[in-house]
Every structure is written in structure tokens, then in C-alpha cells.
Amino acid sequence: MNKIIVVANQKGGVAKTSTVRNLSYSLAELDKKVLTVDLDPQSNLTIGFGITPKKAKHTTGTIITRMLTEEELPENSEYIQTVGKVDILPASRALTVAEVNMLITPGSNKYLAKLLEPLREVYDYIIIDTNPSLGALTINALTACDEVIIPIDPELFAITGLNDLMDSIGKVKANLNPNIKIGGILFVKSITRTNLYKTARQNIADYFPHIPIYKSVIPLTVKVGEANSNALAVAEYEHSNPAAFAYTELAKEVAENGKNETENKIA
Ligand SMILES: Nc1ncnc2c1ncn2[C@@H]1O[C@H](COP(=O)(O)OP(=O)(O)OP(=O)(O)O)[C@@H](O)[C@H]1O
Ligand SMILES: [Mg+2]
């Protein structure tokens with residue numbers, strides 16, 4: 001089951017990067033072959049894998065720039081790095097300039113799709129981290145993917161923001177990527193006993209009754225941030241932490257959803 005997943009929410013700080021970092025680790029622990037793609041000029045995912053963006057010879061920014069100028073692309077092995085069991089295509093500040101140039105280049109919405117399509121053969125999962133905006137980079141990611149995971153932090157949650165994201169996904173589906181679907185909403189940084197969490201969950205169920213919500217809920221814990229700053233997944237940093245368990249459960253859910261789809265196709 002090969003799948004390209006994008007983790008997106010234009011709201012900043014809702015654990016997009018932490019989710020890509022930890023979900024990719026947990027899927028790899030389930031023996032899945034995983035590539036992560038950093039599509040955020042902040043390069044937090046790259047840094048979270050212990051890679052210094054400035055030292056990376058090829059990054060999403062330099063590759064998209066080559067596509068814009070129609071230069072030949074480097075071999076996969078030159079731009080994909082491996083950290084533990086997970087592969088990563090890093091980002092750097094060059095992505096900011098690439099994004100601006102994409103805005104004025106027709107057809108550039110499909111650059112990431114073109115880059116990743118041949119890599120589907122190689123990986124079980126390709127997971128893309130996006131920046132906190134609905135600009136050219138996020139549209140590229142949505143155009144390239146099969147499925148979107150939307151992390152929601154109950155504390156930062158607003159129905160209007162989620163509506164804007166749903167609108168963008170709808171437009172991408174209509175114009176660029178008819179196969180895109182929402183894998184689910186993922187509650188992150190959550191304390192499930194609080195009214196804040198319960199109300200956010202109820203609001204989502206009321207406003208978006210057809211959107212799945214993952215059973216796994218990622219608990220609020222400083223250990224995720226500590227793991228990030230040590231360039232580790234939380235499961236490596238503190239194996240018994242509830243967030244480590246939750247990301248393992250999420251990986252199982254993501255893998256199970258894929259299985260159902262394969263069965264449906266065969267049936
Ligand atoms: N489960 C968690 N519990 C507590 N803090 C968390 C958790 N997950 C992530 N964080 C913290 O929340 C902050 C934002 O996380 P992260 O960088 O993953 O979000 P993001 O959505 O990628 O942000 P941006 O929009 O800037 O890219 C970080 O300080 C991170 O350590
Ligand atoms: Mg991020």
C-alpha cells in the first residue's frame with residue numbers, strides 16, 4: 001500500500017511537524033518504508049531529524065528552483081538523507097524564494113506531485129510536512145497527496161480556520177487532484193478530560209459530520225518538545241511516555257485504513 005500523506009493546517013503551532021516526525025518513526029517501527037518531505041522554509045522537520053538545513057546540498061527549495069528553471073534534477077540518492085529507519089528530503093530557506101517564484105509560474109502547482117510520483121514505488125508512505133499557510137507550498141502538497149491528516153489543538157481551534165482549510169482541499173480536489181481525501185482529524189496536545197477538548201470534538205462532529213476523527217489522541221506533554229529539541233522521536237526519548245504510545249496507535253490506524261482501502265478495491 002503506497003500512500004502520500006500530507007499533514008496540514010494553516011494554523012501555526014498545531015504539532016504538524018511533531019506529528020510528521022513521530023508518525024514517520026512509528027510507521028518505520030511497524031516495518032514500513034517511510035520518506036518524509038519537509039515543505040516548510042522554517043525547516044523544523046529537517047532540524048528535528050538532526051540535519052542542519054544550510055549544510056544540506058539539495059533540499060525541497062533547491063529542487064523546486066531547478067524545476068522552475070528547467071534544470072536537470074539530481075539523483076534521488078543525492079537529495080534523500082536517512083536518519084535511523086526514516087528517509088528525509090530536507091528543507092532550507094531557499095524554499096521561500098522558490099515559493100514566490102512558483103506563484104508566478106503556471107503549472108507549478110504540480111511540481112511536488114511530479115517529483116514524488118516515481119518515489120511511490122520505493123516507499124510505503126511518503127509524509128509531507130507543510131508550513132502554516134494556504135499558499136503555493138501547501139497547495140503543492142495537497143496536489144501531490146492521497147490523504148490529508150489535519151492536526152487540531154483544542155486550545156487553538158477555531159471553526160472558521162478549519163472551514164478555510166476544507167475550502168482549499170475542496171478546490172484542490174475540483175481542479176488539481178481528484179483523488180485527494182481527508183484521512184482524518186487528529187487531536188493533538190489534548191487533555192481528554194477537559195471541557196476544552198470535549199467541546200472542540202463536539203463542534204467538529206457537529207460541523208463536519210462526514211470527516212473522520214482518529215481514535216488516537218496525542219496527549220499534551222513537554223516530552224514531545226524535549227524530544228524534538230534532541231532530534232528524537234518521543235518514543236526514542238522516553239519510551240513509556242503516553243505520547244509515544246499515542247503515535248504508535250496512530251501509525252497502526254493509518255496502516256489499517258490503508259488495508260481497508262486495498263480490500264475495498266479487491267472486493
Ligand atoms: N503533544 C504535545 N504536547 C505538548 N507540546 C507539543 C506537543 N506536540 C507538539 N508540541 C509543541 O508545540 C509546538 C509546536 O509544535 P510543532 O512545531 O510540531 O507545530 P507546527 O504545527 O509544525 O508549527 P508550525 O505551524 O510553526 O510549523 C512545539 O513547541 C512543540 O514542541
Ligand atoms: Mg511545523
# chains A, B, ... in the order shown; residues from 1 in each chain; ligands from 1
call {"tool": "residues_near_ligand", "arguments": {"ligand": "ligand 2", "cutoff": "6 Å", "atoms": "only C-alpha atoms and all ligand atoms", "output": "number ranges by chain"}}
result
A: 16-17, 44, 131
call {"tool": "write_last_selection", "arguments": {"atoms": "all heavy atoms", "output": "CSV table (one decimal), in the first residue's frame"}}
result
chain,number,residue,atom,x,y,z
A,16,LYS,N,2.0,20.0,13.6
A,16,LYS,CA,2.2,19.4,12.2
A,16,LYS,C,3.6,18.7,12.2
A,16,LYS,O,3.6,17.5,11.9
A,16,LYS,CB,2.1,20.4,11.1
A,16,LYS,CG,0.8,21.1,10.9
A,16,LYS,CD,0.8,22.1,9.8
A,16,LYS,CE,1.5,23.4,10.1
A,16,LYS,NZ,1.0,24.2,11.2
A,17,THR,N,4.6,19.4,12.5
A,17,THR,CA,6.0,18.9,12.3
A,17,THR,C,6.2,17.7,13.3
A,17,THR,O,6.7,16.7,13.0
A,17,THR,CB,7.0,20.0,12.6
A,17,THR,OG1,6.7,21.1,11.6
A,17,THR,CG2,8.4,19.5,12.4
A,44,ASN,N,11.8,23.1,10.3
A,44,ASN,CA,11.7,22.4,11.7
A,44,ASN,C,11.8,20.9,11.6
A,44,ASN,O,12.4,20.3,12.5
A,44,ASN,CB,10.5,22.8,12.4
A,44,ASN,CG,10.5,24.3,12.8
A,44,ASN,OD1,11.6,24.9,13.0
A,44,ASN,ND2,9.3,24.9,13.0
A,131,ASN,N,3.9,24.2,5.7
A,131,ASN,CA,4.1,25.4,6.5
A,131,ASN,C,2.7,26.0,6.9
A,131,ASN,O,1.7,25.6,6.4
A,131,ASN,CB,4.9,26.5,5.7
A,131,ASN,CG,4.2,26.9,4.5
A,131,ASN,OD1,3.4,26.2,3.9
A,131,ASN,ND2,4.5,28.1,4.0
call {"tool": "residues_around", "arguments": {"residues": "Val34 (chain A)", "least_positions_apart": "3", "cutoff": "8 Å", "atoms": "only C-alpha atoms", "output": "PyMOL selection string"}}
result
chain A and resi 24+27-28+85-87+123-127
call {"tool": "residues_around", "arguments": {"residues": "Asp146 (chain A)", "least_positions_apart": "3", "cutoff": "12 Å", "atoms": "only C-alpha atoms", "output": "ChimeraX atom specification"}}
result
/A:1-7,113,116-117,120,125-128,141-143,149,169,172-173,177-183,258,261
call {"tool": "write_last_selection", "arguments": {"atoms": "C-alpha atoms", "output": "PDB file, in the first residue's frame"}}
result
ATOM      1  CA  MET A   1       0.000   0.000   0.000  1.00  0.00           C
ATOM      2  CA  ASN A   2       1.813   3.116  -1.204  1.00  0.00           C
ATOM      3  CA  LYS A   3       0.416   6.343   0.090  1.00  0.00           C
ATOM      4  CA  ILE A   4       1.354  10.016   0.083  1.00  0.00           C
ATOM      5  CA  ILE A   5       0.057  11.738   3.208  1.00  0.00           C
ATOM      6  CA  VAL A   6       0.206  15.445   3.944  1.00  0.00           C
ATOM      7  CA  VAL A   7      -0.078  16.872   7.427  1.00  0.00           C
ATOM      8  CA  ALA A 113       3.477  15.645  -7.424  1.00  0.00           C
ATOM      9  CA  LEU A 116       7.200  12.313  -5.712  1.00  0.00           C
ATOM     10  CA  GLU A 117       5.298  10.166  -8.219  1.00  0.00           C
ATOM     11  CA  ARG A 120       5.845   5.888  -4.725  1.00  0.00           C
ATOM     12  CA  TYR A 125       4.453   6.009   2.981  1.00  0.00           C
ATOM     13  CA  ILE A 126       5.600   9.465   1.940  1.00  0.00           C
ATOM     14  CA  ILE A 127       4.644  12.021   4.598  1.00  0.00           C
ATOM     15  CA  ILE A 128       4.826  15.742   3.840  1.00  0.00           C
ATOM     16  CA  ALA A 141       1.488  19.280  -1.112  1.00  0.00           C
ATOM     17  CA  LEU A 142      -2.296  18.863  -1.393  1.00  0.00           C
ATOM     18  CA  THR A 143      -1.932  18.327  -5.150  1.00  0.00           C
ATOM     19  CA  ILE A 149      -4.185  14.464   8.211  1.00  0.00           C
ATOM     20  CA  ILE A 169      -8.959  20.999  -0.056  1.00  0.00           C
ATOM     21  CA  VAL A 172      -7.693  21.262  -4.990  1.00  0.00           C
ATOM     22  CA  LYS A 173      -9.980  18.250  -5.435  1.00  0.00           C
ATOM     23  CA  ASN A 177      -6.145  16.360  -7.564  1.00  0.00           C
ATOM     24  CA  PRO A 178      -9.473  14.492  -7.815  1.00  0.00           C
ATOM     25  CA  ASN A 179      -8.134  11.638  -5.664  1.00  0.00           C
ATOM     26  CA  ILE A 180      -7.430  13.670  -2.524  1.00  0.00           C
ATOM     27  CA  LYS A 181      -9.308  12.673   0.603  1.00  0.00           C
ATOM     28  CA  ILE A 182      -9.222  13.592   4.262  1.00  0.00           C
ATOM     29  CA  GLY A 183      -7.646  10.784   6.257  1.00  0.00           C
ATOM     30  CA  GLY A 258      -4.766   1.632   4.034  1.00  0.00           C
ATOM     31  CA  GLU A 261      -8.863   0.518   1.042  1.00  0.00           C
TER      32      GLU A 261
END
call {"tool": "residues_near_ligand", "arguments": {"ligand": "ligand 1", "cutoff": "7 Å", "atoms": "only C-alpha atoms and all ligand atoms", "output": "PyMOL selection string"}}
result
chain A and resi 10-19+44+130-132+188-189+218-222+224-226+228+243
call {"tool": "select_by_dssp", "arguments": {"residues": "region 45-218 of chain A", "states": "strand (DSSP E)", "output": "mmCIF file with N, CA and C atoms, in the first residue's frame"}}
result
data_model
loop_
_atom_site.group_PDB
_atom_site.id
_atom_site.type_symbol
_atom_site.label_atom_id
_atom_site.label_comp_id
_atom_site.auth_asym_id
_atom_site.auth_seq_id
_atom_site.Cartn_x
_atom_site.Cartn_y
_atom_site.Cartn_z
ATOM 1 N N GLN A 81 18.123 11.910 2.439
ATOM 2 C CA GLN A 81 19.011 11.511 3.543
ATOM 3 C C GLN A 81 18.287 10.489 4.411
ATOM 4 N N THR A 82 19.057 9.711 5.166
ATOM 5 C CA THR A 82 18.455 8.691 6.027
ATOM 6 C C THR A 82 18.845 8.964 7.472
ATOM 7 N N VAL A 83 17.826 8.988 8.348
ATOM 8 C CA VAL A 83 18.088 9.156 9.785
ATOM 9 C C VAL A 83 17.401 7.996 10.501
ATOM 10 N N VAL A 86 14.212 6.140 8.945
ATOM 11 C CA VAL A 86 13.355 7.025 8.140
ATOM 12 C C VAL A 86 14.194 7.836 7.157
ATOM 13 N N ASP A 87 13.675 7.998 5.938
ATOM 14 C CA ASP A 87 14.339 8.860 4.955
ATOM 15 C C ASP A 87 13.719 10.247 5.004
ATOM 16 N N ILE A 88 14.516 11.238 4.667
ATOM 17 C CA ILE A 88 14.010 12.622 4.653
ATOM 18 C C ILE A 88 14.570 13.411 3.477
ATOM 19 N N LEU A 89 13.664 14.150 2.854
ATOM 20 C CA LEU A 89 14.068 15.167 1.887
ATOM 21 C C LEU A 89 13.996 16.490 2.648
ATOM 22 N N TYR A 125 5.077 4.727 2.644
ATOM 23 C CA TYR A 125 4.453 6.009 2.981
ATOM 24 C C TYR A 125 5.421 7.159 2.697
ATOM 25 N N ILE A 126 4.867 8.198 2.071
ATOM 26 C CA ILE A 126 5.600 9.465 1.940
ATOM 27 C C ILE A 126 4.776 10.482 2.727
ATOM 28 N N ILE A 127 5.397 11.110 3.713
ATOM 29 C CA ILE A 127 4.644 12.021 4.598
ATOM 30 C C ILE A 127 5.227 13.432 4.481
ATOM 31 N N ILE A 128 4.367 14.372 4.123
ATOM 32 C CA ILE A 128 4.826 15.742 3.840
ATOM 33 C C ILE A 128 4.438 16.682 4.985
ATOM 34 N N ASP A 129 5.421 17.433 5.454
ATOM 35 C CA ASP A 129 5.169 18.475 6.460
ATOM 36 C C ASP A 129 4.989 19.807 5.730
ATOM 37 N N THR A 130 3.961 20.573 6.115
ATOM 38 C CA THR A 130 3.673 21.827 5.418
ATOM 39 C C THR A 130 3.858 23.027 6.344
ATOM 40 N N GLU A 147 -3.943 11.687 0.757
ATOM 41 C CA GLU A 147 -4.680 11.800 2.012
ATOM 42 C C GLU A 147 -4.133 12.948 2.870
ATOM 43 N N VAL A 148 -5.034 13.624 3.571
ATOM 44 C CA VAL A 148 -4.613 14.721 4.456
ATOM 45 C C VAL A 148 -4.922 14.357 5.906
ATOM 46 N N ILE A 149 -3.946 14.550 6.762
ATOM 47 C CA ILE A 149 -4.185 14.464 8.211
ATOM 48 C C ILE A 149 -4.217 15.910 8.720
ATOM 49 N N ILE A 150 -5.263 16.243 9.448
ATOM 50 C CA ILE A 150 -5.398 17.617 9.958
ATOM 51 C C ILE A 150 -5.252 17.605 11.478
ATOM 52 N N PRO A 151 -4.106 18.053 11.985
ATOM 53 C CA PRO A 151 -3.972 18.097 13.445
ATOM 54 C C PRO A 151 -4.713 19.297 14.024
ATOM 55 N N ILE A 152 -5.405 19.071 15.114
ATOM 56 C CA ILE A 152 -6.161 20.135 15.788
ATOM 57 C C ILE A 152 -5.723 20.192 17.245
ATOM 58 N N LYS A 181 -8.252 12.833 -0.404
ATOM 59 C CA LYS A 181 -9.308 12.673 0.603
ATOM 60 C C LYS A 181 -8.753 13.019 1.990
ATOM 61 N N ILE A 182 -9.660 13.258 2.904
ATOM 62 C CA ILE A 182 -9.222 13.592 4.262
ATOM 63 C C ILE A 182 -9.091 12.288 5.044
ATOM 64 N N GLY A 183 -7.874 11.990 5.450
ATOM 65 C CA GLY A 183 -7.646 10.784 6.257
ATOM 66 C C GLY A 183 -8.353 10.929 7.597
ATOM 67 N N GLY A 184 -8.229 12.117 8.170
ATOM 68 C CA GLY A 184 -8.925 12.357 9.425
ATOM 69 C C GLY A 184 -8.381 13.562 10.162
ATOM 70 N N ILE A 185 -9.157 13.938 11.168
ATOM 71 C CA ILE A 185 -8.720 14.993 12.082
ATOM 72 C C ILE A 185 -8.027 14.307 13.253
ATOM 73 N N LEU A 186 -6.874 14.851 13.604
ATOM 74 C CA LEU A 186 -6.104 14.259 14.699
ATOM 75 C C LEU A 186 -6.053 15.266 15.852
ATOM 76 N N PHE A 187 -6.583 14.879 16.982
ATOM 77 C CA PHE A 187 -6.462 15.759 18.149
ATOM 78 C C PHE A 187 -5.065 15.616 18.739
#
call {"tool": "atom_distance", "arguments": {"atom1": "CA of Lys33 (chain A)", "atom2": "CA of Leu134 (chain A)"}}
result
28.6 Å
call {"tool": "residues_around", "arguments": {"residues": "region 56-61 of chain A", "least_positions_apart": "2", "cutoff": "12 Å", "atoms": "only C-alpha atoms", "output": "NGL selection string"}}
result
:A and (36-43 or 46-47 or 50-54 or 63-68 or 73-81 or 88-102 or 111-112 or 115-116 or 128-130 or 137 or 140-141)
call {"tool": "write_last_selection", "arguments": {"atoms": "C-alpha atoms", "output": "mmCIF file, in the first residue's frame"}}
result
data_model
loop_
_atom_site.group_PDB
_atom_site.id
_atom_site.type_symbol
_atom_site.label_atom_id
_atom_site.label_comp_id
_atom_site.auth_asym_id
_atom_site.auth_seq_id
_atom_site.Cartn_x
_atom_site.Cartn_y
_atom_site.Cartn_z
ATOM 1 C CA THR A 36 9.323 12.387 4.966
ATOM 2 C CA VAL A 37 9.365 15.621 2.990
ATOM 3 C CA ASP A 38 9.984 18.996 4.626
ATOM 4 C CA LEU A 39 7.960 21.572 2.690
ATOM 5 C CA ASP A 40 8.309 24.370 5.223
ATOM 6 C CA PRO A 41 11.040 27.042 4.862
ATOM 7 C CA GLN A 42 11.234 27.123 8.687
ATOM 8 C CA SER A 43 12.849 23.659 8.221
ATOM 9 C CA THR A 46 14.817 18.899 8.969
ATOM 10 C CA ILE A 47 16.222 20.210 12.247
ATOM 11 C CA GLY A 50 19.259 16.446 13.370
ATOM 12 C CA ILE A 51 20.103 17.856 9.925
ATOM 13 C CA THR A 52 21.460 21.405 9.574
ATOM 14 C CA PRO A 53 19.471 22.965 6.697
ATOM 15 C CA LYS A 54 22.390 25.114 5.496
ATOM 16 C CA ILE A 63 14.952 21.105 -6.221
ATOM 17 C CA ILE A 64 11.846 23.221 -6.846
ATOM 18 C CA THR A 65 14.138 26.043 -8.020
ATOM 19 C CA ARG A 66 15.682 23.638 -10.540
ATOM 20 C CA MET A 67 12.206 22.653 -11.715
ATOM 21 C CA LEU A 68 11.339 26.343 -12.146
ATOM 22 C CA LEU A 73 17.348 17.164 -11.196
ATOM 23 C CA PRO A 74 19.917 15.357 -9.047
ATOM 24 C CA GLU A 75 19.608 11.588 -8.490
ATOM 25 C CA ASN A 76 17.303 10.535 -5.613
ATOM 26 C CA SER A 77 20.284 9.262 -3.677
ATOM 27 C CA GLU A 78 21.821 12.747 -3.777
ATOM 28 C CA TYR A 79 18.911 14.544 -2.131
ATOM 29 C CA ILE A 80 17.338 11.952 0.154
ATOM 30 C CA GLN A 81 19.011 11.511 3.543
ATOM 31 C CA ILE A 88 14.010 12.622 4.653
ATOM 32 C CA LEU A 89 14.068 15.167 1.887
ATOM 33 C CA PRO A 90 15.156 18.238 3.882
ATOM 34 C CA ALA A 91 14.153 21.894 3.528
ATOM 35 C CA SER A 92 16.070 25.154 3.734
ATOM 36 C CA ARG A 93 15.377 28.871 3.457
ATOM 37 C CA ALA A 94 15.738 28.512 -0.348
ATOM 38 C CA LEU A 95 12.135 27.321 -0.244
ATOM 39 C CA THR A 96 10.910 30.866 0.490
ATOM 40 C CA VAL A 97 12.269 32.160 -2.825
ATOM 41 C CA ALA A 98 11.021 29.048 -4.629
ATOM 42 C CA GLU A 99 7.518 29.673 -3.263
ATOM 43 C CA VAL A 100 7.470 33.264 -4.529
ATOM 44 C CA ASN A 101 8.615 32.143 -7.979
ATOM 45 C CA MET A 102 6.010 29.388 -8.067
ATOM 46 C CA TYR A 111 5.885 20.217 -9.113
ATOM 47 C CA LEU A 112 5.873 18.197 -5.901
ATOM 48 C CA LEU A 115 8.864 14.852 -8.014
ATOM 49 C CA LEU A 116 7.200 12.313 -5.712
ATOM 50 C CA ILE A 128 4.826 15.742 3.840
ATOM 51 C CA ASP A 129 5.169 18.475 6.460
ATOM 52 C CA THR A 130 3.673 21.827 5.418
ATOM 53 C CA LEU A 137 3.646 25.254 -0.918
ATOM 54 C CA ASN A 140 1.641 21.765 -3.991
ATOM 55 C CA ALA A 141 1.488 19.280 -1.112
#
call {"tool": "residues_around", "arguments": {"residues": "region 232-240 of chain A", "least_positions_apart": "3", "cutoff": "7 Å", "atoms": "only C-alpha atoms", "output": "list of chain:residue names"}}
result
A:Arg21, A:Asn22, A:Tyr25, A:Gly48, A:Phe49, A:Lys223, A:Val224, A:Ala227, A:Asn228, A:Ala244
call {"tool": "write_last_selection", "arguments": {"atoms": "C-alpha atoms", "output": "CSV table (one decimal), in the first residue's frame"}}
result
chain,number,residue,atom,x,y,z
A,21,ARG,CA,8.4,13.3,13.0
A,22,ASN,CA,6.7,10.9,15.3
A,25,TYR,CA,9.1,7.0,13.3
A,48,GLY,CA,14.1,17.7,14.1
A,49,PHE,CA,16.0,14.9,12.3
A,223,LYS,CA,8.3,15.5,26.4
A,224,VAL,CA,7.3,15.9,22.7
A,227,ALA,CA,12.3,15.0,22.1
A,228,ASN,CA,12.1,17.5,19.2
A,244,ALA,CA,4.9,7.7,22.3
call {"tool": "select_by_dssp", "arguments": {"residues": "region 3-143 of chain A", "states": "alpha helix (DSSP H)", "output": "PyMOL selection string"}}
result
chain A and resi 16-29+44-48+60-68+76-79+94-103+111-116+136-143
call {"tool": "closest_residue", "arguments": {"among": "A:Asp164, A:Ile191, A:Asn9, A:Leu35", "to": "Glu121 (chain A)", "atoms": "only C-alpha atoms"}}
result
A:Leu35
call {"tool": "atom_distance", "arguments": {"atom1": "CA of Tyr207 (chain A)", "atom2": "CA of Gly170 (chain A)"}}
result
15.7 Å
call {"tool": "closest_residue", "arguments": {"among": "A:Asp31, A:Asn163, A:Val20, A:Glu256", "to": "Phe208 (chain A)", "atoms": "only C-alpha atoms"}}
result
A:Asn163
